[in-house]
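Single-structure report; data block below.
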Amino acid sequence: MILFDNVSKLYPTQNQAALDSLSLEIEKGEFVFLVGPSGSGKSTFLRLTLREEKPTAGRIRVAGKDLHRLSNWKVPHLRRRIGTVFQDFRLLPNKTVFENIAFALQVIGKPRRQINRDVPAVLELVGLDGKEDRLPDQLSGGEQQRVAVARAFVNRPLILLADEPTGNLDPATSVGIMKLLDRINRTGTTVVMATHDQSIVDQMRKRVIELEHGKLVRDQSRGVYGYTR
Amino acid sequence: MRFQYVLSEITTGLRRNLTMTIALVIVVAISIAMLGAGLLIRSQADTTKGYWYDRIEISVFMCNEFSTGAGCADGAVTDAQRDTIRQTLESHPEVDEVFYENQEQAFERFSEQFDDSDIGGIITPDQLPESFRVALRDPEEYDGVVSAVSGLPGVQEVTDQRQLLEPLFRTLDGFQLVAFAITVIQIIAAVLLIGNTIRLAAFNRRRETGIMRLVGASNFYIQLPFILEAAIAGLLGSVLGVIALFVGVELIVGRFIAPNLQFTSWVDSADVWAATPWLLVAGVLFSMLASFITLRRYLRV
Ligand SMILES: Nc1ncnc2c1ncn2[C@@H]1O[C@H](COP(=O)(O)OP(=O)(O)O)[C@@H](O)[C@H]1O
Ligand SMILES: [Mg+2]
């Protein structure tokens with residue numbers, strides 16, 4: 001589903017590579033934690049997968065597409081098959097829960113019929129039915145992140161990328177979000193989650209990929225956050 | 001759905017950036033009024049030129065028995081020489097029409113011109129030259145005709161009024177050039193200003209556009225609301241600009257210039273009407289183009 005073949009990324013303003021000859025493969029339906037200290041290249045990995053950045057060297061394949069050969073105007077179609085969730089939720093403050101999720105479908109030209117069918121369904125999946133008319137600032141952090149997950153998932157993507165989705169949430173709320181991501185993973189969606197959260201990684205016992213200075217230092221199935229702890 | 005979405009995006013966008021929208025409308029209005037004024041000045045210069053061009057002709061004076069000079073060594077022009085000159089003129093591609101004026105006709109015209117003076121009494125017809133009056137197809141192209149007949153035997157002198165009017169034409173050309181330069185500068189300024197406005201609008205809505213990119217909206221879908229906003233502001237602005245132009249022509253040319261200066265015909269509101277469709281199209285197109293170019297740089301995938 002995601003293949004990195006000897007990928008390096010050097011940002012123009014930096015002199016140290018954000019990713020350094022990284023090779024790894026993530027299969028369809030996997031749940032993968034991306035761990036490592038701040039600045040180790042986790043977000044860069046996710047941005048390259050989304051084709052928000054291009055690699056300096058190496059080859060990337062996502063959902064059967066060779067990103068190197070993907071022309072600019074086809075990038076939106078790639079992104080429709082990938083859902084994304086961030087630490088800061090990225091909701092539109094002047095739109096309701098329903099409208100925030102509907103927005104993601106409207107802007108890719110989905111018909112109203114489909115929106116009226118899919119949005120309530122995904123709201124029920126994330127446990128927010130009954131709150132569709134609230135504005136984001138009338139929701140708790142955990143609920144806002146559920147809206148973001150719903151928006152990322154409403155179009156039934158092949159891949160869900162999450163960049164520290166629990167970074168702004170307390171431990172109890174984080175567990176709820178993790179259960180949600182696990183449920184989404186069980187529908188067959190590949191989930192890649194960058195995180196700092198040791199206890200979550202230790203509890204879930206999923207594949208762990210650890211980066212340091214942009215290099216792969218560990219790739220372990222059913223792993224924990226770190227050896228030393 | 002799509003249409004409704006686009007429509008609501010545009011109206012919220014225009015409302016949210018109300019001050020910028022007003023600025024945009026004013027900039028476009030001024031630019032279109034200037035552009036229109038430039039076009040009117042051009043067409044005014046053209047009308048004036050045309051007015052004078054119609055009166056331009058070349059005169060080919062032929063020798064009489066008193067003539068001196070290289071072409072007149074054999075005395076008065078002979079019938080054979082006159083035929084050669086006429087044939088040369090009539091077969092020349094730049095010549096439109098040729099009129100012949102004999103000595104008697106020349107004397108009549110001369111007498112009319114100097115009706116009140118005593119000269120009429122002293123001059124006799126045989127002292128005046130007979131001539132061909134030549135109307136040209138293109139008044140700019142007189143050189144060829146002049147040199148074709150200048151050296152012929154029996155030709156005393158070739159004169160063309162073009163030389164007299166040269167300074168007037170040069171002034172008109174200058175006017176056209178200045179009007180053109182002002183128009184170009186104005187368009188550049190307008191495009192830059194529109195671009196800047198749209199950039200600000202894009203910056204104000206970077207949260208929305210960021211999410212749109214993330215969920216895979218196409219560039220076209222992301223940019224469409226901005227471009228349509230620019231088009232609407234462009235249309236409003238050009239309508240205002242055209243109205244200003246009508247008022248300007250009516251007040252300045254209609255009330256002041258045309259009644260007082262009658263040596264040519266002046267532009268009027270009919271000319272503004274004729275230019276109106278072009279000005280509206282130009283206002284809308286330039287606004288859309290400027291926003292499109294800006295967005296290509298600031299809203300990339
Ligand atoms: N847009 C950018 N421009 C320049 N340098 C960047 C940019 N984004 C990230 N970096 C650098 O790349 C390295 C990896 O960053 P990042 O991928 O964000 O790490 P992480 O998400 O693991 O904290 C860091 O040294 C960071 O400073
Ligand atoms: Mg990061």
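Every chain in the structure tokens takes a letter, A first, then B, and so on in the order presented; its residues are numbered from 1, and the ligands are numbered from 1 following the presented order.
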May I have a table of the residues of chain A lying at most 7 Å from ligand 1, giving each one's closest pair of atoms and their distance in Å to one decimal, counting only C-alpha atoms and all ligand atoms, ordered by chain and ascending residue number, as a Markdown table?
| residue | atom | partner | partner_atom_place_in_ligand_line | distance |
| --- | --- | --- | --- | --- |
| A:Tyr11 | CA | ligand 1 | 4 (C) | 4.8 |
| A:Pro12 | CA | ligand 1 | 4 (C) | 6.6 |
| A:Thr13 | CA | ligand 1 | 4 (C) | 5.5 |
| A:Gln14 | CA | ligand 1 | 5 (N) | 5.7 |
| A:Ala17 | CA | ligand 1 | 12 (O) | 7.0 |
| A:Ala18 | CA | ligand 1 | 13 (C) | 4.2 |
| A:Gly36 | CA | ligand 1 | 22 (O) | 6.4 |
| A:Pro37 | CA | ligand 1 | 22 (O) | 6.2 |
| A:Ser38 | CA | ligand 1 | 23 (O) | 3.7 |
| A:Gly39 | CA | ligand 1 | 19 (O) | 3.4 |
| A:Ser40 | CA | ligand 1 | 22 (O) | 4.0 |
| A:Gly41 | CA | ligand 1 | 17 (O) | 3.3 |
| A:Lys42 | CA | ligand 1 | 22 (O) | 3.7 |
| A:Ser43 | CA | ligand 1 | 21 (O) | 3.6 |
| A:Thr44 | CA | ligand 1 | 17 (O) | 3.6 |
| A:Phe45 | CA | ligand 1 | 17 (O) | 6.5 |
**Report entry** chain A contacts on chain B, only C-alpha atoms, 8 Å, as an NGL selection string
**Finding:** :B and (1-2 or 5 or 207-208 or 211-219 or 221-222 or 301)
Save the residues we just selected, C-alpha atoms, as a PDB file, in the first residue's frame?
ATOM      1  CA  MET B   1     -25.043  20.962  -5.161  1.00  0.00           C
ATOM      2  CA  ARG B   2     -21.861  22.085  -6.832  1.00  0.00           C
ATOM      3  CA  TYR B   5     -21.698  25.447  -3.081  1.00  0.00           C
ATOM      4  CA  ARG B 207      -7.615  27.380   6.339  1.00  0.00           C
ATOM      5  CA  GLU B 208     -10.402  26.413   3.936  1.00  0.00           C
ATOM      6  CA  ILE B 211      -8.428  21.532   4.011  1.00  0.00           C
ATOM      7  CA  MET B 212      -9.654  21.433   0.432  1.00  0.00           C
ATOM      8  CA  ARG B 213      -6.214  20.433  -0.790  1.00  0.00           C
ATOM      9  CA  LEU B 214      -5.946  17.820   1.925  1.00  0.00           C
ATOM     10  CA  VAL B 215      -9.201  16.101   1.073  1.00  0.00           C
ATOM     11  CA  GLY B 216      -8.338  16.101  -2.622  1.00  0.00           C
ATOM     12  CA  ALA B 217     -10.279  18.995  -4.124  1.00  0.00           C
ATOM     13  CA  SER B 218      -9.012  19.750  -7.621  1.00  0.00           C
ATOM     14  CA  ASN B 219      -7.166  22.975  -8.303  1.00  0.00           C
ATOM     15  CA  TYR B 221     -12.502  23.641  -7.577  1.00  0.00           C
ATOM     16  CA  ILE B 222     -10.241  25.461  -5.122  1.00  0.00           C
ATOM     17  CA  VAL B 301      -1.075  21.509  -4.721  1.00  0.00           C
TER      18      VAL B 301
END
**Report entry** Surrounding residues of Val224 of chain A excluding itself and chain neighbours under 4 positions, 8 Å, only C-alpha atoms, as a list in words
**Finding:** Gln198, Val201, Asp202, Gln203, Arg205, Lys206 and Val208 of chain A
Query raised in the report: How would you write, as a list in words, the set of residues in segment 35-156 of chain B that DSSP gives as strand (DSSP E or B)?
Result: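 Everything in segment 35-156 of chain B that counts as strand (DSSP E or B) is Glu57, Ile58, Ser59, Val60, Phe61, Met62, Val95, Asp96, Glu97, Val98, Phe99, Tyr100, Glu101, Ser131, Phe132, Arg133, Val134, Ala135, Leu136, Val155 and Gln156 of chain B.
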Query raised in the report: Could you name the residues that touch Ile232 of chain B at 12 Å or less, counting only C-alpha atoms, but leaving out those on the same chain fewer than 6 positions away, as a PyMOL selection string?
Result: chain B and resi 7+10-11+13-14+21-22+24-25+28+225-226+238-239+280-281+283-288+291
Written file, previous selection with N, CA, C and O atoms, as an mmCIF file, in the first residue's frame:
data_model
loop_
_atom_site.group_PDB
_atom_site.id
_atom_site.type_symbol
_atom_site.label_atom_id
_atom_site.label_comp_id
_atom_site.auth_asym_id
_atom_site.auth_seq_id
_atom_site.Cartn_x
_atom_site.Cartn_y
_atom_site.Cartn_z
ATOM 1 N N LEU B 7 -21.765 29.147 -5.363
ATOM 2 C CA LEU B 7 -22.462 30.417 -5.162
ATOM 3 C C LEU B 7 -22.297 30.908 -3.723
ATOM 4 O O LEU B 7 -22.006 32.084 -3.481
ATOM 5 N N ILE B 10 -18.822 32.211 -3.077
ATOM 6 C CA ILE B 10 -18.569 33.535 -3.651
ATOM 7 C C ILE B 10 -19.173 34.631 -2.791
ATOM 8 O O ILE B 10 -18.521 35.617 -2.459
ATOM 9 N N THR B 11 -20.446 34.434 -2.386
ATOM 10 C CA THR B 11 -21.091 35.515 -1.641
ATOM 11 C C THR B 11 -20.419 35.720 -0.289
ATOM 12 O O THR B 11 -20.155 36.860 0.099
ATOM 13 N N GLY B 13 -17.372 35.007 0.397
ATOM 14 C CA GLY B 13 -16.052 35.555 0.098
ATOM 15 C C GLY B 13 -16.115 37.049 -0.155
ATOM 16 O O GLY B 13 -15.344 37.824 0.398
ATOM 17 N N LEU B 14 -17.081 37.457 -0.992
ATOM 18 C CA LEU B 14 -17.200 38.876 -1.325
ATOM 19 C C LEU B 14 -17.541 39.682 -0.076
ATOM 20 O O LEU B 14 -17.045 40.780 0.127
ATOM 21 N N THR B 21 -12.970 44.073 -1.781
ATOM 22 C CA THR B 21 -13.818 44.000 -2.974
ATOM 23 C C THR B 21 -14.100 45.395 -3.514
ATOM 24 O O THR B 21 -14.032 45.633 -4.727
ATOM 25 N N ILE B 22 -14.409 46.330 -2.584
ATOM 26 C CA ILE B 22 -14.669 47.699 -3.024
ATOM 27 C C ILE B 22 -13.432 48.284 -3.691
ATOM 28 O O ILE B 22 -13.509 48.899 -4.760
ATOM 29 N N LEU B 24 -11.145 46.683 -5.206
ATOM 30 C CA LEU B 24 -11.000 46.025 -6.505
ATOM 31 C C LEU B 24 -11.920 46.665 -7.541
ATOM 32 O O LEU B 24 -11.507 46.970 -8.666
ATOM 33 N N VAL B 25 -13.176 46.893 -7.130
ATOM 34 C CA VAL B 25 -14.153 47.487 -8.051
ATOM 35 C C VAL B 25 -13.674 48.872 -8.496
ATOM 36 O O VAL B 25 -13.719 49.204 -9.684
ATOM 37 N N VAL B 28 -10.674 48.622 -10.918
ATOM 38 C CA VAL B 28 -11.104 48.201 -12.250
ATOM 39 C C VAL B 28 -11.854 49.350 -12.937
ATOM 40 O O VAL B 28 -11.652 49.615 -14.123
ATOM 41 N N PRO B 225 -13.974 29.716 -6.903
ATOM 42 C CA PRO B 225 -14.641 30.817 -6.187
ATOM 43 C C PRO B 225 -13.863 32.129 -6.262
ATOM 44 O O PRO B 225 -14.463 33.193 -6.453
ATOM 45 N N PHE B 226 -12.541 32.056 -6.161
ATOM 46 C CA PHE B 226 -11.727 33.272 -6.213
ATOM 47 C C PHE B 226 -11.831 33.918 -7.591
ATOM 48 O O PHE B 226 -11.971 35.133 -7.725
ATOM 49 N N SER B 238 -16.099 47.506 -14.355
ATOM 50 C CA SER B 238 -16.117 47.993 -15.740
ATOM 51 C C SER B 238 -17.408 48.725 -16.051
ATOM 52 O O SER B 238 -17.401 49.681 -16.820
ATOM 53 N N VAL B 239 -18.517 48.292 -15.440
ATOM 54 C CA VAL B 239 -19.769 49.023 -15.652
ATOM 55 C C VAL B 239 -19.618 50.458 -15.133
ATOM 56 O O VAL B 239 -19.955 51.427 -15.835
ATOM 57 N N LEU B 280 -16.247 46.021 -21.250
ATOM 58 C CA LEU B 280 -16.782 45.098 -20.243
ATOM 59 C C LEU B 280 -16.044 43.766 -20.298
ATOM 60 O O LEU B 280 -15.626 43.227 -19.276
ATOM 61 N N VAL B 281 -15.886 43.259 -21.516
ATOM 62 C CA VAL B 281 -15.171 41.987 -21.662
ATOM 63 C C VAL B 281 -13.748 42.116 -21.129
ATOM 64 O O VAL B 281 -13.252 41.261 -20.389
ATOM 65 N N GLY B 283 -12.577 44.205 -18.867
ATOM 66 C CA GLY B 283 -12.574 44.308 -17.408
ATOM 67 C C GLY B 283 -12.714 42.951 -16.748
ATOM 68 O O GLY B 283 -11.975 42.609 -15.822
ATOM 69 N N VAL B 284 -13.644 42.144 -17.241
ATOM 70 C CA VAL B 284 -13.873 40.821 -16.649
ATOM 71 C C VAL B 284 -12.681 39.902 -16.917
ATOM 72 O O VAL B 284 -12.161 39.246 -16.015
ATOM 73 N N LEU B 285 -12.220 39.901 -18.173
ATOM 74 C CA LEU B 285 -11.128 38.992 -18.528
ATOM 75 C C LEU B 285 -9.844 39.318 -17.775
ATOM 76 O O LEU B 285 -9.185 38.425 -17.256
ATOM 77 N N PHE B 286 -9.508 40.622 -17.724
ATOM 78 C CA PHE B 286 -8.276 40.987 -17.028
ATOM 79 C C PHE B 286 -8.351 40.609 -15.557
ATOM 80 O O PHE B 286 -7.384 40.121 -14.979
ATOM 81 N N SER B 287 -9.520 40.824 -14.929
ATOM 82 C CA SER B 287 -9.668 40.464 -13.516
ATOM 83 C C SER B 287 -9.494 38.965 -13.323
ATOM 84 O O SER B 287 -8.789 38.515 -12.418
ATOM 85 N N MET B 288 -10.125 38.172 -14.191
ATOM 86 C CA MET B 288 -10.028 36.723 -14.054
ATOM 87 C C MET B 288 -8.600 36.253 -14.303
ATOM 88 O O MET B 288 -8.070 35.416 -13.581
ATOM 89 N N SER B 291 -6.327 37.109 -11.392
ATOM 90 C CA SER B 291 -6.511 36.249 -10.227
ATOM 91 C C SER B 291 -6.021 34.838 -10.529
ATOM 92 O O SER B 291 -5.424 34.185 -9.679
#
Query raised in the report: Just asking: which residues within segment 53-153 of chain A are helix (DSSP H, G or I) according to DSSP, as a PyMOL selection string?
Result: chain A and resi 72-79+97-106+112-125+136-138+141-153
Requested in this report: Might you pull out every residue within 12 Å of Pro153 of chain B, with only C-alpha atoms counted and same-chain residues fewer than 2 positions away left off, and present them as a ChimeraX atom specification?
Outcome: /B:61-63,69-85,148-151,155-157
Residue neighbourhood segment 24-31 of chain A, 8 Å, only C-alpha atoms, exclusion window fewer than 5 positions, as a short mmCIF file (atom, residue, chain, number, x, y, z; two decimals) with C-alpha atoms, in the first residue's frame:
data_model
loop_
_atom_site.label_atom_id
_atom_site.label_comp_id
_atom_site.auth_asym_id
_atom_site.auth_seq_id
_atom_site.Cartn_x
_atom_site.Cartn_y
_atom_site.Cartn_z
CA MET A 1 0.00 0.00 0.00
CA ILE A 2 2.90 2.33 0.90
CA LEU A 3 6.39 1.63 -0.37
CA PHE A 4 9.46 3.78 0.34
CA ASP A 5 12.50 2.73 -1.65
CA ASP A 182 -8.60 0.60 15.58
CA ASN A 185 -8.42 -0.21 10.72
CA ARG A 186 -10.68 -3.26 11.09
CA GLY A 188 -9.61 -2.77 6.01
CA THR A 189 -8.20 0.76 6.00
CA THR A 190 -4.44 0.99 6.37
CA VAL A 191 -3.60 3.27 9.33
CA VAL A 192 -0.27 5.04 9.83
CA MET A 193 0.01 7.05 13.03
CA LYS A 206 0.97 -3.05 16.67
CA ARG A 207 3.85 -2.73 14.24
#
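Taking atom CA of Phe180 of chain B and atom CA of Arg42 of chain B as the two end points, the separation is 8.0 Å.
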Report task. Write out as a ChimeraX atom specification each polymer residue whose atoms come within 6 Å of Pro165 of chain A, counting only C-alpha atoms; drop sequence neighbours fewer than 3 positions from it. Result -> /A:86-87,162
Let me see the file: selected residues, N, CA, C and O atoms, as a PDB file, in the first residue's frame.
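Result saved to again30.pdb:
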ATOM      1  N   PHE A  86      -4.816  15.500  12.096  1.00  0.00           N
ATOM      2  CA  PHE A  86      -3.681  16.194  12.698  1.00  0.00           C
ATOM      3  C   PHE A  86      -3.910  16.458  14.180  1.00  0.00           C
ATOM      4  O   PHE A  86      -5.040  16.405  14.667  1.00  0.00           O
ATOM      5  N   GLN A  87      -2.819  16.808  14.839  1.00  0.00           N
ATOM      6  CA  GLN A  87      -2.878  17.146  16.255  1.00  0.00           C
ATOM      7  C   GLN A  87      -3.848  18.302  16.510  1.00  0.00           C
ATOM      8  O   GLN A  87      -4.559  18.311  17.502  1.00  0.00           O
ATOM      9  N   ALA A 162      -2.324   9.699  10.401  1.00  0.00           N
ATOM     10  CA  ALA A 162      -2.619  10.497  11.587  1.00  0.00           C
ATOM     11  C   ALA A 162      -1.301  10.996  12.171  1.00  0.00           C
ATOM     12  O   ALA A 162      -0.419  10.212  12.486  1.00  0.00           O
TER      13      ALA A 162
END
Query raised in the report: Expressed in Å to a single decimal, how great is the separation between atom CA of Gln220 of chain A and atom CA of Ile60 of chain A?
Result: 21.1 Å
